[in-house]
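S.K.: Got structure26.cif for you, mmCIF, C-alpha atoms and all ligand atoms:
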data_upload
loop_
_atom_site.label_atom_id
_atom_site.label_comp_id
_atom_site.auth_asym_id
_atom_site.auth_seq_id
_atom_site.Cartn_x
_atom_site.Cartn_y
_atom_site.Cartn_z
CA MET Q 250 0.00 0.00 0.00
CA ALA Q 251 1.41 3.37 -0.98
CA LEU Q 252 2.40 5.58 1.97
CA SER Q 253 1.05 9.09 2.45
CA GLY Q 254 3.33 12.13 2.50
CA ILE Q 255 3.18 12.27 6.31
CA GLN Q 256 4.03 8.56 6.62
CA ILE Q 257 7.00 9.05 4.28
CA TYR Q 258 8.09 12.13 6.24
CA LYS Q 259 8.35 10.04 9.40
CA LEU Q 260 10.87 7.80 7.60
CA LEU Q 261 13.07 10.71 6.48
CA PRO Q 262 15.93 12.21 8.61
CA GLN Q 263 13.85 15.38 9.37
CA THR Q 264 16.91 17.64 9.40
CA ASN Q 265 15.69 19.98 6.63
CA CYS Q 266 19.21 20.15 5.21
CA LYS Q 267 17.84 21.09 1.73
CA GLU Q 268 20.34 18.90 -0.17
CA CYS Q 269 17.47 17.24 -2.04
CA GLY Q 270 16.55 20.61 -3.53
CA PHE Q 271 13.51 21.10 -1.31
CA PRO Q 272 13.33 23.48 1.64
CA THR Q 273 12.10 20.84 4.11
CA CYS Q 274 11.93 17.08 4.49
CA LEU Q 275 8.14 17.41 4.51
CA ALA Q 276 8.13 19.14 1.11
CA PHE Q 277 10.34 16.35 -0.25
CA ALA Q 278 8.06 13.71 1.30
CA MET Q 279 5.00 15.24 -0.37
CA LYS Q 280 6.74 15.16 -3.76
CA LEU Q 281 7.82 11.57 -3.12
CA ALA Q 282 4.24 10.54 -2.30
CA ALA Q 283 3.12 12.12 -5.58
CA LYS Q 284 5.89 10.13 -7.35
CA GLN Q 285 7.39 13.37 -8.71
CA VAL Q 286 10.90 12.79 -7.30
CA GLU Q 287 13.21 9.85 -6.66
CA LEU Q 288 14.13 8.75 -3.15
CA SER Q 289 17.79 8.77 -4.19
CA ALA Q 290 17.67 12.60 -4.16
CA CYS Q 291 18.05 12.41 -0.37
CA PRO Q 292 21.48 11.00 0.52
CA TYR Q 293 20.65 10.52 4.22
CA VAL Q 294 17.81 7.99 4.20
CA SER Q 295 18.63 4.98 6.39
CA ASP Q 296 18.70 1.48 4.91
CA GLU Q 297 15.76 0.51 7.10
CA SER Q 298 13.67 3.42 5.77
CA LYS Q 299 14.74 2.62 2.21
CA ALA Q 300 13.45 -0.94 2.60
CA LYS Q 301 10.12 0.28 3.98
CA LEU Q 302 9.71 2.85 1.24
CA ALA Q 303 10.60 0.34 -1.48
CA GLU Q 304 8.05 -2.10 -0.11
CA SER Q 305 5.36 0.56 -0.04
CA ALA Q 306 6.13 1.50 -3.63
CA ALA Q 307 5.69 -2.10 -4.84
CA PRO Q 308 2.37 -2.70 -6.61
CA PRO Q 309 -0.19 -4.57 -4.48
CA ILE Q 310 -0.55 -7.17 -7.23
CA ARG Q 311 2.77 -8.20 -8.72
CA LEU Q 312 3.31 -7.72 -12.43
CA VAL Q 313 4.10 -11.08 -14.03
CA THR Q 314 5.38 -11.15 -17.61
CA LEU Q 315 5.58 -14.18 -19.89
CA LYS Q 316 7.91 -13.83 -22.87
CA SER Q 317 8.71 -15.73 -26.04
CA ASN Q 318 10.22 -14.78 -29.37
CA GLY Q 319 9.30 -11.10 -29.12
CA TYR Q 320 5.84 -11.76 -27.66
CA GLU Q 321 4.89 -10.64 -24.14
CA VAL Q 322 1.89 -11.25 -21.94
CA LYS Q 323 1.68 -9.14 -18.81
CA ALA Q 324 -0.71 -9.69 -15.92
CA GLY Q 325 -1.06 -7.96 -12.56
CA ASN Q 326 -0.13 -4.44 -11.45
CA GLU Q 327 -3.82 -3.64 -10.96
CA VAL Q 328 -4.65 -1.18 -8.21
CA VAL Q 329 -8.44 -1.04 -8.10
CA LEU Q 330 -11.34 -3.42 -7.66
CA PHE Q 331 -13.64 -1.70 -10.10
CA ARG Q 332 -13.01 -0.26 -13.52
CA HIS Q 333 -15.02 2.89 -12.74
CA GLU Q 334 -12.46 3.72 -10.03
CA LYS Q 335 -9.48 3.70 -12.38
CA THR Q 336 -8.36 1.95 -15.54
CA PHE Q 337 -7.55 -1.76 -15.57
CA TYR Q 338 -4.16 -1.98 -17.24
CA ASN Q 339 -2.97 -5.46 -18.12
CA LYS Q 340 -5.47 -7.41 -20.13
CA PRO Q 341 -5.74 -11.07 -19.09
CA GLY Q 342 -3.85 -13.31 -21.47
CA LEU Q 343 -6.12 -15.71 -23.38
CA PHE Q 344 -4.47 -19.11 -23.86
CA VAL Q 345 -5.75 -22.13 -25.78
CA ARG Q 346 -5.31 -25.50 -24.11
CA VAL Q 347 -3.38 -28.10 -26.12
CA ASP Q 348 -3.69 -31.75 -25.09
CA ALA Q 349 -0.14 -33.11 -24.89
CA THR Q 350 -1.48 -36.62 -25.59
CA SER Q 351 -2.53 -35.52 -29.09
CA ALA Q 352 -0.62 -36.44 -32.21
CA VAL Q 353 1.65 -33.78 -33.68
CA GLU Q 354 -0.70 -33.34 -36.68
CA GLU Q 355 -3.65 -32.75 -34.33
CA ILE Q 356 -1.64 -30.18 -32.37
CA ASN Q 357 -0.70 -28.36 -35.57
CA ALA Q 358 -4.31 -28.40 -36.73
CA LEU Q 359 -5.44 -26.78 -33.45
CA VAL Q 360 -2.63 -24.30 -32.96
CA ALA Q 361 -2.20 -22.90 -36.49
CA PRO Q 362 -5.67 -21.34 -36.84
CA ALA Q 363 -5.68 -20.06 -33.25
CA ASP Q 364 -2.26 -18.50 -33.78
CA ALA Q 365 -3.38 -16.85 -37.03
CA TYR Q 366 -6.73 -15.66 -35.67
CA VAL Q 367 -7.05 -11.88 -35.68
CA THR Q 368 -10.17 -9.79 -35.63
CA ASN Q 369 -10.52 -6.06 -36.07
CA TYR Q 370 -12.70 -4.20 -33.60
CA VAL Q 371 -13.12 -0.42 -33.99
CA GLY Q 372 -9.79 -0.22 -35.73
CA ILE Q 373 -7.88 -2.39 -33.24
CA ASP Q 374 -6.50 -5.81 -34.15
CA LEU Q 375 -7.38 -8.32 -31.41
CA LYS Q 376 -5.55 -11.63 -31.01
CA LEU Q 377 -5.23 -14.52 -28.59
CA ASP Q 378 -2.06 -14.62 -26.48
CA GLY Q 379 -0.65 -18.12 -26.29
CA PHE Q 380 -1.09 -21.82 -25.68
CA ALA Q 381 -1.23 -24.05 -22.61
CA VAL Q 382 0.29 -27.48 -23.18
CA ASP Q 383 -1.48 -29.86 -20.80
CA ALA Q 384 -0.04 -33.22 -19.77
CA SER Q 385 -3.25 -34.28 -18.06
CA GLY Q 386 -5.08 -34.93 -21.32
CA SER Q 387 -7.41 -37.80 -22.04
CA GLY Q 388 -5.09 -39.78 -24.30
CA GLY Q 389 -3.18 -41.70 -21.62
CA ALA Q 390 -0.04 -41.09 -19.61
CA VAL Q 391 2.44 -38.52 -20.88
CA THR Q 392 6.15 -39.13 -20.60
CA PRO Q 393 8.63 -36.24 -20.36
CA GLU Q 394 9.67 -37.00 -23.95
CA LYS Q 395 6.08 -36.94 -25.19
CA PHE Q 396 5.44 -33.65 -23.37
CA ALA Q 397 8.58 -32.06 -24.84
CA ALA Q 398 7.49 -33.25 -28.30
CA ALA Q 399 4.07 -31.66 -27.80
CA VAL Q 400 5.69 -28.37 -26.73
CA SER Q 401 7.96 -28.48 -29.79
CA ALA Q 402 4.95 -29.22 -32.02
CA VAL Q 403 3.29 -26.04 -30.73
CA ARG Q 404 6.50 -24.12 -31.36
CA GLU Q 405 6.56 -25.32 -34.96
CA VAL Q 406 3.45 -23.29 -35.72
CA SER Q 407 3.35 -20.56 -33.05
CA HIS Q 408 5.83 -18.31 -31.31
CA MET Q 409 3.38 -17.09 -28.69
CA PRO Q 410 4.02 -17.57 -24.93
CA LEU Q 411 3.26 -20.91 -23.28
CA VAL Q 412 1.82 -22.33 -20.10
CA LEU Q 413 3.24 -25.77 -19.27
CA ILE Q 414 0.73 -27.87 -17.33
CA SER Q 415 1.76 -30.84 -15.19
CA ARG Q 416 2.22 -31.52 -11.49
CA ASP Q 417 5.16 -33.80 -12.31
CA PRO Q 418 8.46 -31.87 -12.12
CA ALA Q 419 10.15 -34.27 -14.56
CA ILE Q 420 7.51 -33.58 -17.22
CA VAL Q 421 7.65 -29.81 -16.66
CA ALA Q 422 11.46 -29.92 -16.81
CA ALA Q 423 11.29 -31.59 -20.22
CA GLY Q 424 8.88 -28.92 -21.45
CA LEU Q 425 11.09 -26.14 -20.13
CA ARG Q 426 14.11 -27.56 -21.90
CA ALA Q 427 12.14 -27.52 -25.17
CA VAL Q 428 11.60 -23.74 -24.84
CA ASP Q 429 14.89 -22.85 -23.22
CA GLY Q 430 15.50 -19.09 -23.00
CA GLU Q 431 11.81 -18.18 -22.94
CA HIS Q 432 9.80 -17.09 -19.90
CA PRO Q 433 6.80 -19.45 -19.80
CA LEU Q 434 4.36 -20.11 -16.97
CA ILE Q 435 4.51 -23.44 -15.11
CA TYR Q 436 1.35 -25.01 -13.71
CA ALA Q 437 1.54 -25.84 -10.84
CA ALA Q 438 3.25 -25.97 -7.46
CA ASP Q 439 1.16 -27.64 -4.74
CA ALA Q 440 1.76 -28.86 -1.19
CA GLU Q 441 3.59 -31.97 -2.45
CA ASN Q 442 5.79 -30.76 -5.32
CA TRP Q 443 6.44 -27.10 -4.50
CA GLU Q 444 10.14 -27.39 -3.76
CA ALA Q 445 10.96 -29.11 -7.05
CA MET Q 446 8.68 -26.75 -9.00
CA ALA Q 447 10.22 -23.69 -7.34
CA ALA Q 448 13.70 -24.97 -8.25
CA LEU Q 449 12.63 -25.40 -11.90
CA ALA Q 450 11.02 -21.96 -12.03
CA LYS Q 451 14.15 -20.39 -10.62
CA GLN Q 452 16.49 -22.30 -12.92
CA HIS Q 453 14.52 -21.44 -16.07
CA GLN Q 454 13.28 -17.97 -15.03
CA ALA Q 455 9.72 -19.16 -15.47
CA ALA Q 456 6.68 -17.83 -13.64
CA LEU Q 457 5.02 -20.38 -11.38
CA VAL Q 458 1.39 -21.06 -10.55
CA VAL Q 459 0.76 -21.95 -6.91
CA THR Q 460 -2.40 -23.85 -6.10
CA ALA Q 461 -4.11 -24.96 -2.88
CA GLY Q 462 -7.55 -25.86 -1.60
CA THR Q 463 -8.02 -22.87 0.73
CA LEU Q 464 -6.82 -19.29 0.79
CA ASP Q 465 -4.87 -19.92 3.99
CA GLU Q 466 -3.01 -22.82 2.39
CA LEU Q 467 -2.47 -20.77 -0.76
CA ALA Q 468 -0.96 -17.86 1.19
CA GLU Q 469 1.26 -20.20 3.18
CA LEU Q 470 2.52 -21.85 -0.01
CA THR Q 471 3.28 -18.59 -1.83
CA GLU Q 472 5.40 -17.48 1.12
CA LYS Q 473 7.35 -20.75 1.06
CA VAL Q 474 7.92 -20.56 -2.72
CA LYS Q 475 8.91 -16.91 -2.48
CA ALA Q 476 11.42 -17.79 0.22
CA LYS Q 477 13.06 -20.08 -2.35
CA GLY Q 478 13.71 -17.05 -4.53
CA VAL Q 479 10.77 -17.28 -6.98
CA GLU Q 480 9.03 -13.91 -7.20
CA ASP Q 481 6.85 -14.27 -10.31
CA LEU Q 482 3.92 -16.22 -8.91
CA VAL Q 483 0.39 -16.75 -10.16
CA LEU Q 484 -2.46 -18.05 -8.02
CA ASP Q 485 -4.96 -20.80 -8.69
CA PRO Q 486 -7.49 -20.88 -5.85
CA SER Q 487 -8.83 -24.17 -7.31
CA ALA Q 488 -12.54 -23.25 -7.50
CA ARG Q 489 -14.00 -24.26 -10.86
CA ASP Q 490 -17.70 -23.42 -10.46
CA LEU Q 491 -19.03 -19.95 -11.29
CA SER Q 492 -19.96 -18.79 -7.80
CA GLY Q 493 -16.97 -20.39 -6.08
CA SER Q 494 -14.43 -18.87 -8.44
CA LEU Q 495 -16.12 -15.47 -8.30
CA ILE Q 496 -16.07 -15.46 -4.51
CA LEU Q 497 -12.44 -16.56 -4.21
CA SER Q 498 -11.18 -14.26 -6.98
CA THR Q 499 -12.89 -11.30 -5.36
CA GLN Q 500 -11.60 -12.20 -1.90
CA ILE Q 501 -8.04 -12.47 -3.20
CA ARG Q 502 -8.26 -9.16 -5.02
CA ARG Q 503 -9.75 -7.45 -1.96
CA LEU Q 504 -7.11 -8.88 0.37
CA ALA Q 505 -4.33 -7.77 -1.97
CA LEU Q 506 -5.67 -4.27 -2.60
CA LYS Q 507 -7.49 -3.32 0.57
CA LYS Q 508 -5.46 -5.19 3.18
CA ASN Q 509 -2.13 -5.11 1.35
CA PHE Q 510 -1.87 -8.86 1.99
CA LYS Q 511 1.32 -9.55 0.07
CA ALA Q 512 1.03 -13.35 0.23
CA LEU Q 513 -1.93 -13.14 -2.16
CA GLY Q 514 -0.74 -10.13 -4.15
CA TYR Q 515 -0.33 -12.01 -7.44
CA PRO Q 516 -2.33 -12.41 -10.66
CA LEU Q 517 -4.80 -15.29 -10.94
CA ILE Q 518 -5.15 -18.06 -13.49
CA ALA Q 519 -8.53 -19.49 -14.53
CA PHE Q 520 -9.60 -22.61 -16.45
CA PRO Q 521 -13.15 -21.81 -17.58
CA LYS Q 522 -15.16 -24.68 -19.01
CA THR Q 523 -18.04 -22.60 -20.38
CA PRO Q 524 -18.31 -19.27 -22.25
CA ALA Q 525 -19.99 -17.76 -19.17
CA ALA Q 526 -17.11 -18.84 -16.95
CA ALA Q 527 -14.61 -17.42 -19.47
CA ALA Q 528 -16.45 -14.08 -19.49
CA GLN Q 529 -16.52 -14.06 -15.71
CA ALA Q 530 -12.78 -14.79 -15.52
CA ILE Q 531 -12.03 -11.87 -17.83
CA ALA Q 532 -14.24 -9.52 -15.83
CA LYS Q 533 -13.19 -10.70 -12.34
CA TYR Q 534 -10.17 -11.02 -12.06
CA ALA Q 535 -8.04 -13.51 -13.95
CA GLY Q 536 -4.64 -12.52 -15.31
CA PHE Q 537 -4.33 -15.69 -17.40
CA VAL Q 538 -7.32 -17.52 -18.87
CA VAL Q 539 -6.86 -21.03 -20.30
CA LEU Q 540 -9.65 -21.82 -22.77
CA ASP Q 541 -10.50 -25.46 -23.39
CA GLY Q 542 -10.14 -25.11 -27.16
CA PHE Q 543 -10.24 -22.67 -30.03
CA ALA Q 544 -13.40 -21.52 -31.77
CA PRO Q 545 -13.62 -18.13 -33.53
CA GLU Q 546 -17.22 -17.72 -32.37
CA LEU Q 547 -16.00 -17.84 -28.75
CA ALA Q 548 -12.72 -16.00 -29.28
CA TYR Q 549 -14.42 -12.98 -30.84
CA PRO Q 550 -16.82 -12.07 -28.00
CA LEU Q 551 -14.15 -12.77 -25.38
CA LEU Q 552 -11.60 -10.55 -27.11
CA VAL Q 553 -14.14 -7.76 -27.51
CA LEU Q 554 -15.28 -8.09 -23.89
CA ARG Q 555 -11.68 -7.94 -22.73
CA GLN Q 556 -10.97 -4.92 -24.92
CA ASN Q 557 -13.92 -3.04 -23.49
CA ILE Q 558 -13.13 -3.85 -19.87
CA TYR Q 559 -9.48 -2.93 -20.27
CA THR Q 560 -10.07 0.39 -22.03
CA ASP Q 561 -9.72 3.65 -20.14
CA PRO Q 562 -13.31 4.91 -19.96
CA GLN Q 563 -12.02 8.49 -19.87
CA LYS Q 564 -9.98 8.02 -23.04
CA PRO Q 565 -12.17 7.39 -26.08
CA ILE Q 566 -10.90 5.00 -28.73
CA GLN Q 567 -9.76 7.15 -31.62
CA VAL Q 568 -8.89 6.79 -35.28
CA GLN Q 569 -6.20 8.81 -36.97
CA PRO Q 570 -7.50 12.13 -38.35
CA GLY Q 571 -7.13 12.35 -42.13
CA LEU Q 572 -8.88 12.08 -45.46
CA TYR Q 573 -10.09 8.50 -45.96
CA GLU Q 574 -11.06 6.98 -49.28
CA ILE Q 575 -14.16 4.79 -49.35
CA ASN Q 576 -15.11 2.71 -52.40
CA ASN Q 577 -12.27 4.13 -54.50
CA PRO Q 578 -13.56 7.72 -54.94
CA SER Q 579 -12.68 10.01 -57.85
CA PRO Q 580 -11.93 13.73 -57.35
CA SER Q 581 -15.55 14.62 -58.18
CA ASP Q 582 -17.07 12.42 -55.47
CA PRO Q 583 -18.52 13.95 -52.27
CA VAL Q 584 -16.55 14.80 -49.12
CA LEU Q 585 -18.28 13.87 -45.85
CA VAL Q 586 -17.03 15.28 -42.55
CA THR Q 587 -16.98 13.53 -39.19
CA THR Q 588 -14.92 13.30 -35.97
CA ASN Q 589 -12.19 10.85 -34.95
CA PHE Q 590 -14.19 9.00 -32.28
CA SER Q 591 -13.79 5.39 -33.41
CA ILE Q 592 -17.41 4.40 -33.10
CA THR Q 593 -18.52 7.52 -34.98
CA TYR Q 594 -15.94 6.90 -37.70
CA PHE Q 595 -16.88 3.25 -38.15
CA SER Q 596 -20.61 4.01 -38.11
CA VAL Q 597 -20.21 6.47 -40.97
CA ALA Q 598 -17.54 4.53 -42.86
CA ASN Q 599 -19.47 1.26 -42.68
CA GLU Q 600 -22.69 2.85 -43.96
CA VAL Q 601 -20.94 4.47 -46.90
CA GLU Q 602 -18.91 1.37 -47.66
CA SER Q 603 -21.89 -0.96 -47.62
CA SER Q 604 -23.84 1.42 -49.87
CA GLY Q 605 -21.21 0.92 -52.58
CA LEU Q 606 -21.13 4.68 -53.22
CA PRO Q 607 -17.68 6.27 -53.53
CA ALA Q 608 -16.88 9.11 -51.13
CA TRP Q 609 -14.12 10.88 -49.25
CA LEU Q 610 -14.41 10.89 -45.48
CA LEU Q 611 -12.69 13.82 -43.78
CA VAL Q 612 -11.96 12.82 -40.18
CA THR Q 613 -11.14 15.81 -38.00
CA ASP Q 614 -9.20 15.73 -34.75
CA ALA Q 615 -11.93 16.12 -32.13
CA GLU Q 616 -9.88 14.47 -29.38
CA GLY Q 617 -11.80 11.25 -29.83
CA MET Q 618 -15.24 12.69 -29.11
CA SER Q 619 -18.45 11.99 -31.00
CA VAL Q 620 -19.98 14.75 -33.13
CA LEU Q 621 -22.37 16.32 -30.63
CA THR Q 622 -20.05 15.95 -27.63
CA ALA Q 623 -17.14 17.43 -29.55
CA TRP Q 624 -19.26 20.33 -30.78
CA ALA Q 625 -20.48 21.05 -27.23
CA ALA Q 626 -16.88 20.88 -25.95
CA GLY Q 627 -15.61 23.24 -28.66
CA LYS Q 628 -13.55 20.49 -30.32
CA PHE Q 629 -15.54 20.30 -33.54
CA ASP Q 630 -16.10 23.77 -34.95
CA SER Q 631 -15.84 25.53 -38.28
CA GLU Q 632 -12.25 26.57 -37.64
CA ARG Q 633 -11.10 23.00 -36.99
CA ILE Q 634 -13.02 21.62 -39.97
CA ALA Q 635 -11.55 24.28 -42.28
CA LYS Q 636 -8.10 23.53 -40.91
CA ALA Q 637 -8.61 19.79 -41.57
CA VAL Q 638 -9.74 20.55 -45.14
CA LYS Q 639 -6.43 22.33 -45.76
CA THR Q 640 -4.17 20.05 -43.68
CA PHE Q 641 -5.34 16.87 -45.35
CA GLY Q 642 -5.23 18.28 -48.89
CA VAL Q 643 -8.96 18.20 -49.72
CA PRO Q 644 -8.65 21.01 -52.35
CA GLU Q 645 -5.83 19.13 -54.10
CA LYS Q 646 -7.45 15.70 -54.06
CA THR Q 647 -11.05 16.63 -54.84
CA SER Q 648 -12.71 18.97 -57.33
CA ARG Q 649 -16.22 19.59 -55.97
CA LYS Q 650 -15.37 22.40 -53.53
CA GLN Q 651 -18.12 21.00 -51.33
CA VAL Q 652 -18.20 19.40 -47.87
CA VAL Q 653 -21.08 17.65 -46.13
CA LEU Q 654 -21.51 18.32 -42.41
CA PRO Q 655 -23.19 15.90 -40.00
CA GLY Q 656 -26.82 16.92 -39.47
CA HIS Q 657 -26.28 17.40 -35.73
CA VAL Q 658 -24.00 20.38 -36.39
CA ALA Q 659 -26.04 22.13 -39.07
CA VAL Q 660 -25.49 25.25 -36.99
CA LEU Q 661 -21.86 25.33 -38.17
CA SER Q 662 -22.69 25.71 -41.86
CA GLY Q 663 -22.76 29.52 -41.88
CA GLU Q 664 -19.46 29.87 -40.05
CA LEU Q 665 -17.85 27.26 -42.24
CA GLU Q 666 -18.84 29.16 -45.38
CA GLY Q 667 -16.89 32.07 -43.90
CA GLU Q 668 -13.89 29.84 -43.24
CA LEU Q 669 -14.00 28.25 -46.70
CA PRO Q 670 -14.95 31.01 -49.14
CA GLY Q 671 -16.23 29.70 -52.47
CA TRP Q 672 -17.08 26.25 -51.05
CA GLU Q 673 -20.55 24.80 -50.84
CA ILE Q 674 -21.45 23.61 -47.34
CA ARG Q 675 -24.13 20.94 -47.31
CA VAL Q 676 -25.85 19.55 -44.23
CA GLY Q 677 -26.19 15.76 -44.19
CA PRO Q 678 -28.45 13.54 -42.08
CA ARG Q 679 -28.18 13.28 -38.30
CA GLU Q 680 -27.83 9.51 -38.24
CA ALA Q 681 -25.18 7.51 -40.10
CA VAL Q 682 -27.80 4.98 -41.22
CA ASP Q 683 -29.46 7.68 -43.37
CA ILE Q 684 -26.25 8.66 -45.21
CA PRO Q 685 -26.63 6.27 -48.21
CA LYS Q 686 -30.15 7.54 -48.94
CA PHE Q 687 -28.95 11.15 -48.61
CA MET Q 688 -26.03 10.49 -50.95
CA LYS Q 689 -28.28 8.91 -53.58
CA GLN Q 690 -30.98 11.59 -53.45
CA ALA Q 691 -29.22 14.83 -52.56
CA LEU Q 692 -25.61 14.66 -53.77
S1 LIG N 1 18.04 15.84 1.64
FE1 LIG N 1 16.93 14.45 2.96
S2 LIG N 1 17.32 15.19 4.99
FE2 LIG N 1 17.85 16.86 3.63
S3 LIG N 1 15.96 18.05 3.42
FE3 LIG N 1 15.95 16.62 1.78
S4 LIG N 1 14.80 14.93 2.59
FE4 LIG N 1 15.42 16.15 4.35
#
Take the structure in the file and give it back as structure tokens.

M.R.:
Amino acid sequence: MALSGIQIYKLLPQTNCKECGFPTCLAFAMKLAAKQVELSACPYVSDESKAKLAESAAPPIRLVTLKSNGYEVKAGNEVVLFRHEKTFYNKPGLFVRVDATSAVEEINALVAPADAYVTNYVGIDLKLDGFAVDASGSGGAVTPEKFAAAVSAVREVSHMPLVLISRDPAIVAAGLRAVDGEHPLIYAADAENWEAMAALAKQHQAALVVTAGTLDELAELTEKVKAKGVEDLVLDPSARDLSGSLILSTQIRRLALKKNFKALGYPLIAFPKTPAAAAQAIAKYAGFVVLDGFAPELAYPLLVLRQNIYTDPQKPIQVQPGLYEINNPSPSDPVLVTTNFSITYFSVANEVESSGLPAWLLVTDAEGMSVLTAWAAGKFDSERIAKAVKTFGVPEKTSRKQVVLPGHVAVLSGELEGELPGWEIRVGPREAVDIPKFMKQAL
């Protein structure tokens, strides 16, 4: 838990020597609490105080990063329970489970399409994050060699990060050797195998899942594993039903954030068996989600859900301002104007595109606001529109000397005529859905 300025002040020498550049220790403490200065600016802080201040500066939920071949999946570092309090930062990684008992051809057939899957949502490419190779599959016992072969089969078709699933240290060791130099996640250390698993995690710089039947046992185990020098831990509280996993996930998050309970201050892993459980895991509060298989019809809603939950609600999704071509327009085709709020842009662009009519779409920089909001906030006015016309070369690329305003800002047409002398200012419909009809009948 971060310390207040007064709490930090109590840990400082309180001599007001000014060497840090501030007139008093209290002034320095206040700046330190606001994270505007570095502790190293004071040369007189005791080692004991340094340790306390470093601990208080650590995030309540540790950031755990999996790495492979240029890919990274980060989980943790969250500081709030609810998204309306502050942004959620590190999107939970979505992993597809691969049965290590499968034949190499079957593994390739599962992994290749999941690896290649990408879907565009309001201008953002969304993808899955990795694969979880599971030795507990239904096809019989897995030897270390078979597990390593399954891991290598995944690597043949995907470079994304891996979770290696087995409670047997010998099997996990074989998997780790197959991806030497990467930073995968091992599942899992329990009351029986934790020493061997901790040794493997430390040796291979892997993150390690710790699992137990109760929160008390889980906390006790994380402390033991941490004492062995493994810091990057992930928690599996073992509940698999909807209500049980929701309760335990929420308790762990509350304990970490509200009580600063370090033993449970780690990201969670979830193994949802249904779409509802997967959605719940994304919303509350998994850092890694292992899906039972790959299906585009499940991947799409989960990726979109995740994108929406992990988007700063105060920062609208934006598209790049500019002059966009739709349906291969010629210079004599109409120029429609809108703002750079993603949803506004895609509403207009999709309507025009699906109409088959060619047009230019002039997207102005309205700081990501929709038309009416931007107009009310003074971010979408005649001056800005005229500036965009010139900046993005509308007079050079088109010949009509005409722009079409959104119907909601018809009030701007007079002013815009003043800003663009000799241009015709038309007022289009209020709703994007009416644009094709307007273009056919009025342009
Ligand atoms: S350098 Fe340290 S002791 Fe001196 S005023 Fe700054 S905080 Fe206080």

S.K.: Residues within 7 Å of ligand LIG 1 (chain N) should be enumerated using only C-alpha atoms and all ligand atoms and returned as an MDAnalysis selection string.

M.R.: chainID Q and resid 261:274 277:278 290:294

S.K.: Within 6 Å of (-24.6, 13.3, -47.1) (file coordinates; all atoms listed in the file), which protein or nucleic acid residues are there? I'd like them as a ChimeraX atom specification.

M.R.: /Q:653,677,684,687-688

S.K.: Generate a file of the selected residues that holds C-alpha atoms, formatted as an mmCIF file, in the frame of the given file.

M.R.:
data_model
loop_
_atom_site.group_PDB
_atom_site.id
_atom_site.type_symbol
_atom_site.label_atom_id
_atom_site.label_comp_id
_atom_site.auth_asym_id
_atom_site.auth_seq_id
_atom_site.Cartn_x
_atom_site.Cartn_y
_atom_site.Cartn_z
ATOM 1 C CA VAL Q 653 -21.080 17.650 -46.130
ATOM 2 C CA GLY Q 677 -26.190 15.760 -44.190
ATOM 3 C CA ILE Q 684 -26.250 8.660 -45.210
ATOM 4 C CA PHE Q 687 -28.950 11.150 -48.610
ATOM 5 C CA MET Q 688 -26.030 10.490 -50.950
#

S.K.: Mind giving me the straight-line distance from atom CA of Leu275 of chain Q to atom CA of Leu252 of chain Q in Å, one decimal?

M.R.: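 Computing it gives 13.4 Å between the two atoms.
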
S.K.: Could you tell me which of Q:Ala303, Q:Ile592, Q:Leu281, Q:Val586 comes closest to Tyr573 of chain Q if we count only C-alpha atoms?

M.R.: Q:Val586

S.K.: Which residues come within 8 Å of segment 545-554 of chain Q, counting only C-alpha atoms, excluding same-chain residues fewer than 5 positions away, as a ChimeraX atom specification?

M.R.: /Q:366,368,370,375-377,524,527-528,531

S.K.: Please indicate the distance in Å from atom CA of Ser401 of chain Q to atom CA of Gly542 of chain Q, rounded to one decimal place.

M.R.: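 Distance reported for this atom pair: 18.6 Å.
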
S.K.: Write out as number ranges by chain which residues come within 9 Å of Glu600 of chain Q when counting only C-alpha atoms, dropping same-chain ones fewer than 3 positions away.

M.R.: Q: 595-597, 603-605, 681-685

S.K.: Next, the residues of the selection above should be written as a JSON list (two decimals), in the frame of the given file with C-alpha atoms.

M.R.:
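This went into again_13.json:
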[["chain", "number", "residue", "atom", "x", "y", "z"],
["Q", 595, "PHE", "CA", -16.88, 3.25, -38.15],
["Q", 596, "SER", "CA", -20.61, 4.01, -38.11],
["Q", 597, "VAL", "CA", -20.21, 6.47, -40.97],
["Q", 603, "SER", "CA", -21.89, -0.96, -47.62],
["Q", 604, "SER", "CA", -23.84, 1.42, -49.87],
["Q", 605, "GLY", "CA", -21.21, 0.92, -52.58],
["Q", 681, "ALA", "CA", -25.18, 7.51, -40.10],
["Q", 682, "VAL", "CA", -27.80, 4.98, -41.22],
["Q", 683, "ASP", "CA", -29.46, 7.68, -43.37],
["Q", 684, "ILE", "CA", -26.25, 8.66, -45.21],
["Q", 685, "PRO", "CA", -26.63, 6.27, -48.21]]
